[in-house]
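Student: Pasting in a structure now, in structure tokens, and then I'll have a few things to ask.
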Amino acid sequence: MISGANPSAAPELLRVSGVEAPLQQPGTLRALWGRFRHDRLATAALAILALIVVICIAAPLTSPHDPLATQAVNRLAPPGSPGHLLGTDGAGRDLLSRLIWGGRISLMTGVAPVVIGLLVGGLFGLLAGYYGGVTRTVIMRCVDVLFAFPAVLLAIAIAVTLGAGTRNVIIALAVVLVPSVARVTESATISACSQEYIEAAKASGVNDASIIVFQLVRNVASAPLAYCFSIIGPVIVFAAGLNFLGLGIQPPDPEWGSMLYSLQSSLLFAPLTSIVPGVPIAIAALLFDVIGNAVRDVLDPRLA
Amino acid sequence: MLSYAARRVVLLVPVLLGATVVVFGLIHLIPGDPAGALLGPTSSDATRAAFRHDLGLDQPLPIQYGVWLWHVLHLDLGISIARRQPVISIVWEAFQHTLLLAAVAALLANVVGLFLGIVAATRQFGIADRAAMGFAALATAIPSYWLGLILVVLLALKVQIFPTGGMTSAIDGGSPFDIFWHLVLPAMAAGAAPAGIVARTVRASVLEVLRLDFVQALRARGFSESTILFRHIVPNAFPTILTVMGLQAGYLLGGVAFVEVVFSWPGIGNLLFLSIGQRDYPVILGVMLFVSFVFVLLNLAVDLMHAALDPRVRTSVAA
């Protein structure tokens, strides 16, 4: 019997050493959800966020007007105007409809880079932490180089060189996120690799790929996952900021950040209307912040 | 300590070389022909070919990199297309403005964050704690560029206390007070998010020290709470706090970019934004290169300070 090769044997070993709690055992996902649900604030935030996501995905059904339909009269209407709940922009387009349609892009450009960053950075971190030696040196020195630039400026520079567009904003943000995820994963992997079950697996001749896939991933995942959940909010703000600078989606297509920028010139005449597009950015970031904190507490109580 | 510092400085060399490779790579990521991008769409094929030859763009990449690096080492970052001036002098001037804004914003963020964090930690789960952490959550969630716009509406348009943008007044501008007057709103907008992050970290690290046995021992010996807090707890938590403060200051170096655009503050973020519109690639790359060097040195300074204050770092983080 090869105890180390059997993934379900790992947690027993862990429990004996008493260093780390087992994660993602059968039913553990349900246990995690159970712990998450105890946080009433986070559960409420998740419900509101789900509602916003559904409204944005169902934009053709939920938006009251065509987001691109302009009108010569009724421009820069204040929030609360009849027929236009949140007012209209400088071209007379309905702001609520544009926010609902824009939410698709804004939420996607906030979440997609984090997912890409988690997968790519996680892979590099696992490889660096598991193999050590030259592999680790090469990967982590590359990470160091990317850390030599302030994140905001690096993302701007990459987005500029790739050219404007939603896809390029996502790529630029993902590149900026990869190094930090890799660092978090690497240090978690190194401490996991010093555990007995990895040694047992290696001693019993399990190949590296199986060890990484069946043993390491599940035991290392909590740190990078917790980290990634905590940065979705800032990344949404950041992504909208790149759109604010005109690096993302091109007008007249709606997106929260670019809407905010195009309304900036109307600040003097219609101050209230002009700051409306910032509201959903802040709300989304706040909701993800609350959820991210709860997820971190659930996944890794030591970080709390 | 000296050997730790020396090791860290030596490790800088490959990182900085790597940064130059990244910036050089960005030049060649620019879609299409760099000569066309730099000379504009109206240039003829002959001028483009001559331009390529002048810049050595017809040479193999490693040679191009070597020549470019040689120029960079001599502080020659090329000529701005839009302004016909050396990139280095444009970037240097803008950088000073950014440094001023980032320093004031960092000061504001760190003072507010330190205060809120200590208040929150000493009254854990009390009303003050909840209020401080609620503020921190809001401050980190609100986009700096949006907060900037709100501040403009409230304090520059409705109540005309502060100017809406720029760094100096058009008439009789340029005095230290005039610049400070223009600094207030952008510094507030840029400093809010770091203030929230610092407050959270200070709270967490003070709470961590509060749990230690020696605090209990000090209480048992009858020291007052304020003596325990300021003589023992804060100094113990300080290395961690200092690192986060330094990281936030470093973040602001790039993070003020959005605020600079909102307030037309003539810093590197604004320069980058204008250069994007003008496709002024030499300036964009000059900014990246310059800022990365400053950023790396700043991070080194933070690490060295942390090591000087906390001997555990010097011995454990040797690699």
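Ordered as shown in the structure tokens, chains take letters A, B, and onward, while each chain numbers its residues from 1 and ligands are numbered from 1 in the order shown.
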Based on DSSP run over this structure's backbone, return all residues of range 59-255 of chain B in helix (DSSP H, G or I), as a PyMOL selection string.
Tutor: chain B and resi 61-73+87-122+127-141+144-158+176-210+213-220+225-255
Student: Please provide the set of residues having any atom within 12 Å of range 45-60 of chain A, restricted to only C-alpha atoms, with same-chain residues fewer than 6 positions apart removed, written as JSON, numbers by chain.
Tutor: {"A": [33, 36, 37, 39, 66, 67, 96, 97, 98, 99, 100, 101, 102, 103, 104, 105, 106, 107, 108, 111, 233, 255, 280, 281, 283, 284, 285, 286, 287, 288, 289, 290, 291, 292, 293, 294, 295]}
Student: Just N, CA and C atoms for this one: save the residues we selected as a JSON list (two decimals), in the first residue's frame.
Tutor:
[["chain", "number", "residue", "atom", "x", "y", "z"],
["A", 33, "TRP", "N", -18.55, 26.72, 2.81],
["A", 33, "TRP", "CA", -19.75, 27.53, 2.56],
["A", 33, "TRP", "C", -20.51, 27.74, 3.86],
["A", 36, "PHE", "N", -18.77, 30.38, 5.69],
["A", 36, "PHE", "CA", -18.98, 31.67, 5.01],
["A", 36, "PHE", "C", -20.34, 32.23, 5.37],
["A", 37, "ARG", "N", -21.36, 31.32, 5.41],
["A", 37, "ARG", "CA", -22.73, 31.76, 5.64],
["A", 37, "ARG", "C", -22.92, 32.37, 7.03],
["A", 39, "ASP", "N", -21.07, 34.49, 8.30],
["A", 39, "ASP", "CA", -20.78, 35.92, 8.17],
["A", 39, "ASP", "C", -21.95, 36.56, 7.46],
["A", 66, "ASP", "N", -32.32, 51.89, -24.96],
["A", 66, "ASP", "CA", -31.16, 51.51, -25.76],
["A", 66, "ASP", "C", -29.95, 52.30, -25.23],
["A", 67, "PRO", "N", -28.85, 51.63, -24.83],
["A", 67, "PRO", "CA", -27.73, 52.37, -24.22],
["A", 67, "PRO", "C", -27.03, 53.30, -25.21],
["A", 96, "LEU", "N", -28.79, 54.91, -16.72],
["A", 96, "LEU", "CA", -29.06, 53.61, -16.08],
["A", 96, "LEU", "C", -28.83, 52.48, -17.08],
["A", 97, "SER", "N", -29.34, 52.66, -18.30],
["A", 97, "SER", "CA", -29.16, 51.62, -19.32],
["A", 97, "SER", "C", -27.69, 51.43, -19.64],
["A", 98, "ARG", "N", -26.96, 52.54, -19.72],
["A", 98, "ARG", "CA", -25.54, 52.45, -20.04],
["A", 98, "ARG", "C", -24.77, 51.79, -18.90],
["A", 99, "LEU", "N", -25.19, 52.08, -17.65],
["A", 99, "LEU", "CA", -24.51, 51.45, -16.51],
["A", 99, "LEU", "C", -24.76, 49.94, -16.50],
["A", 100, "ILE", "N", -26.00, 49.54, -16.84],
["A", 100, "ILE", "CA", -26.31, 48.11, -16.85],
["A", 100, "ILE", "C", -25.51, 47.39, -17.94],
["A", 101, "TRP", "N", -25.49, 47.97, -19.15],
["A", 101, "TRP", "CA", -24.70, 47.36, -20.22],
["A", 101, "TRP", "C", -23.20, 47.45, -19.91],
["A", 102, "GLY", "N", -22.78, 48.59, -19.37],
["A", 102, "GLY", "CA", -21.37, 48.78, -19.07],
["A", 102, "GLY", "C", -20.87, 47.84, -17.99],
["A", 103, "GLY", "N", -21.79, 47.43, -17.09],
["A", 103, "GLY", "CA", -21.41, 46.53, -16.01],
["A", 103, "GLY", "C", -20.85, 45.23, -16.53],
["A", 104, "ARG", "N", -21.34, 44.78, -17.68],
["A", 104, "ARG", "CA", -20.81, 43.53, -18.26],
["A", 104, "ARG", "C", -19.32, 43.66, -18.46],
["A", 105, "ILE", "N", -18.90, 44.75, -19.10],
["A", 105, "ILE", "CA", -17.48, 44.95, -19.39],
["A", 105, "ILE", "C", -16.71, 45.20, -18.09],
["A", 106, "SER", "N", -17.25, 46.11, -17.26],
["A", 106, "SER", "CA", -16.52, 46.49, -16.05],
["A", 106, "SER", "C", -16.29, 45.31, -15.13],
["A", 107, "LEU", "N", -17.32, 44.50, -14.92],
["A", 107, "LEU", "CA", -17.16, 43.36, -14.02],
["A", 107, "LEU", "C", -16.23, 42.32, -14.64],
["A", 108, "MET", "N", -16.36, 42.14, -15.97],
["A", 108, "MET", "CA", -15.50, 41.16, -16.61],
["A", 108, "MET", "C", -14.03, 41.58, -16.57],
["A", 111, "VAL", "N", -12.75, 40.80, -13.08],
["A", 111, "VAL", "CA", -12.63, 39.42, -12.61],
["A", 111, "VAL", "C", -11.69, 38.59, -13.50],
["A", 233, "GLY", "N", -11.74, 43.47, -5.84],
["A", 233, "GLY", "CA", -12.26, 44.84, -5.69],
["A", 233, "GLY", "C", -11.30, 45.88, -6.24],
["A", 255, "GLU", "N", -19.00, 51.74, -20.59],
["A", 255, "GLU", "CA", -18.21, 51.08, -19.55],
["A", 255, "GLU", "C", -18.10, 52.10, -18.44],
["A", 280, "PRO", "N", -21.43, 52.69, -9.23],
["A", 280, "PRO", "CA", -21.33, 51.22, -9.32],
["A", 280, "PRO", "C", -19.90, 50.70, -9.15],
["A", 281, "ILE", "N", -18.90, 51.48, -9.57],
["A", 281, "ILE", "CA", -17.51, 51.02, -9.38],
["A", 281, "ILE", "C", -17.24, 50.86, -7.89],
["A", 283, "ILE", "N", -19.43, 50.61, -5.44],
["A", 283, "ILE", "CA", -20.27, 49.58, -4.82],
["A", 283, "ILE", "C", -19.71, 48.19, -5.10],
["A", 284, "ALA", "N", -19.35, 47.94, -6.36],
["A", 284, "ALA", "CA", -18.79, 46.62, -6.71],
["A", 284, "ALA", "C", -17.52, 46.36, -5.91],
["A", 285, "ALA", "N", -16.64, 47.38, -5.83],
["A", 285, "ALA", "CA", -15.39, 47.19, -5.09],
["A", 285, "ALA", "C", -15.66, 46.91, -3.62],
["A", 286, "LEU", "N", -16.63, 47.63, -3.04],
["A", 286, "LEU", "CA", -16.96, 47.44, -1.63],
["A", 286, "LEU", "C", -17.52, 46.04, -1.38],
["A", 287, "LEU", "N", -18.43, 45.59, -2.26],
["A", 287, "LEU", "CA", -19.02, 44.25, -2.10],
["A", 287, "LEU", "C", -17.94, 43.18, -2.18],
["A", 288, "PHE", "N", -17.05, 43.31, -3.18],
["A", 288, "PHE", "CA", -15.98, 42.32, -3.32],
["A", 288, "PHE", "C", -15.03, 42.38, -2.13],
["A", 289, "ASP", "N", -14.85, 43.58, -1.56],
["A", 289, "ASP", "CA", -13.98, 43.72, -0.39],
["A", 289, "ASP", "C", -14.55, 42.93, 0.79],
["A", 290, "VAL", "N", -15.86, 43.11, 1.04],
["A", 290, "VAL", "CA", -16.51, 42.39, 2.14],
["A", 290, "VAL", "C", -16.43, 40.89, 1.90],
["A", 291, "ILE", "N", -16.76, 40.47, 0.66],
["A", 291, "ILE", "CA", -16.73, 39.04, 0.34],
["A", 291, "ILE", "C", -15.30, 38.50, 0.45],
["A", 292, "GLY", "N", -14.34, 39.27, -0.07],
["A", 292, "GLY", "CA", -12.95, 38.83, -0.04],
["A", 292, "GLY", "C", -12.44, 38.63, 1.38],
["A", 293, "ASN", "N", -12.79, 39.56, 2.28],
["A", 293, "ASN", "CA", -12.37, 39.40, 3.68],
["A", 293, "ASN", "C", -12.95, 38.14, 4.29],
["A", 294, "ALA", "N", -14.24, 37.88, 4.00],
["A", 294, "ALA", "CA", -14.90, 36.69, 4.55],
["A", 294, "ALA", "C", -14.27, 35.43, 3.98],
["A", 295, "VAL", "N", -14.00, 35.43, 2.69],
["A", 295, "VAL", "CA", -13.39, 34.25, 2.06],
["A", 295, "VAL", "C", -12.02, 33.98, 2.67]]
Student: List as a Markdown table every residue of chain B that is in contact with chain A, defined as an atom at most 8 Å from one of its atoms (using only C-alpha atoms), together with the nearest atom pair and the distance in Å rounded to one decimal, sorted by chain and then rising number.
Tutor:
| residue | atom | partner | partner_atom | distance |
| --- | --- | --- | --- | --- |
| B:Val15 | CA | A:Val145 | CA | 5.0 |
| B:Leu16 | CA | A:Val145 | CA | 7.2 |
| B:Gly18 | CA | A:Val145 | CA | 5.5 |
| B:Ala19 | CA | A:Val145 | CA | 5.6 |
| B:Leu26 | CA | A:Thr161 | CA | 6.6 |
| B:Ile27 | CA | A:Thr161 | CA | 7.6 |
| B:Leu29 | CA | A:Thr161 | CA | 6.1 |
| B:Ile30 | CA | A:Thr161 | CA | 4.7 |
| B:Pro31 | CA | A:Leu162 | CA | 6.8 |
| B:Ala137 | CA | A:Leu286 | CA | 6.8 |
| B:Leu138 | CA | A:Leu286 | CA | 6.7 |
| B:Thr140 | CA | A:Pro234 | CA | 7.7 |
| B:Ala141 | CA | A:Ala285 | CA | 5.0 |
| B:Ile142 | CA | A:Ala282 | CA | 4.8 |
| B:Pro143 | CA | A:Val237 | CA | 5.6 |
| B:Tyr145 | CA | A:Gly241 | CA | 7.5 |
| B:Trp146 | CA | A:Gly278 | CA | 5.8 |
| B:Leu149 | CA | A:Ile275 | CA | 7.1 |
| B:Ile150 | CA | A:Ile275 | CA | 7.0 |
| B:Val153 | CA | A:Pro271 | CA | 6.3 |
| B:Leu157 | CA | A:Leu268 | CA | 7.1 |
| B:Gly250 | CA | A:Pro150 | CA | 7.3 |
| B:Tyr251 | CA | A:Pro150 | CA | 6.2 |
| B:Leu253 | CA | A:Pro150 | CA | 7.1 |
| B:Gly254 | CA | A:Pro150 | CA | 5.3 |
| B:Gly255 | CA | A:Val152 | CA | 5.9 |
| B:Ala257 | CA | A:Val152 | CA | 7.7 |
| B:Phe258 | CA | A:Gly241 | CA | 6.9 |
| B:Gly269 | CA | A:Leu153 | CA | 7.8 |
| B:Phe273 | CA | A:Leu245 | CA | 7.0 |
| B:Ile276 | CA | A:Val160 | CA | 6.9 |
| B:Ile284 | CA | A:Ala157 | CA | 7.2 |
| B:Leu285 | CA | A:Ala157 | CA | 7.9 |
| B:Met288 | CA | A:Leu153 | CA | 7.1 |
| B:Val291 | CA | A:Phe149 | CA | 7.0 |
| B:Ser292 | CA | A:Phe149 | CA | 4.7 |
| B:Phe293 | CA | A:Ala148 | CA | 7.4 |
| B:Phe295 | CA | A:Ala148 | CA | 6.4 |
| B:Val296 | CA | A:Ala148 | CA | 5.4 |
Student: Using only C-alpha atoms, which residues sit within 9 Å of Ser191 in chain A once same-chain residues fewer than 5 positions away are excluded, as a list in words?
Tutor: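 Skipping anything fewer than 5 positions along the chain leaves Gly129, Glu186 and Val220 of chain A.
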Student: Tell me which protein, DNA and RNA residues are within 6 Å of range 69-85 of chain B, counting only C-alpha atoms, leaving out same-chain ones fewer than 2 positions away, and put them as a VMD selection string.
Tutor: chain B and resid 65 to 67 87 to 88 280 282 to 283 286
Student: I need the residues from that last selection saved to file as a short mmCIF file (atom, residue, chain, number, x, y, z; two decimals), in the first residue's frame (with N, CA and C atoms), if you can.
Tutor:
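Generated output (result.cif):
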data_model
loop_
_atom_site.label_atom_id
_atom_site.label_comp_id
_atom_site.auth_asym_id
_atom_site.auth_seq_id
_atom_site.Cartn_x
_atom_site.Cartn_y
_atom_site.Cartn_z
N TYR B 65 19.70 46.19 -28.52
CA TYR B 65 19.55 46.30 -27.07
C TYR B 65 20.82 46.86 -26.44
N GLY B 66 21.97 46.35 -26.90
CA GLY B 66 23.24 46.80 -26.36
C GLY B 66 23.45 48.29 -26.59
N VAL B 67 23.17 48.73 -27.82
CA VAL B 67 23.33 50.15 -28.14
C VAL B 67 22.39 51.00 -27.30
N VAL B 87 14.11 63.40 -23.56
CA VAL B 87 13.13 62.73 -22.71
C VAL B 87 13.51 62.85 -21.25
N ILE B 88 14.82 62.72 -20.97
CA ILE B 88 15.25 62.67 -19.57
C ILE B 88 14.87 63.94 -18.83
N ASP B 280 3.64 59.40 -28.15
CA ASP B 280 5.02 59.81 -27.90
C ASP B 280 5.74 58.66 -27.19
N PRO B 282 8.88 57.44 -27.07
CA PRO B 282 10.11 57.64 -26.28
C PRO B 282 9.81 58.12 -24.87
N VAL B 283 8.81 59.00 -24.72
CA VAL B 283 8.48 59.51 -23.39
C VAL B 283 7.85 58.41 -22.55
N GLY B 286 10.58 56.16 -21.51
CA GLY B 286 11.45 56.86 -20.59
C GLY B 286 10.84 56.92 -19.20
#
Student: Could you check how far CA of Tyr281 in chain B sits from CA of Leu247 in chain B, in Å to one decimal?
Tutor: 28.4 Å
Student: Using only C-alpha atoms, which of A:Val298, A:Thr189, A:Val120, A:Arg183 sits nearest Ala42 in chain A?
Tutor: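 Closest to Ala42 in chain A of all the choices is A:Val298.
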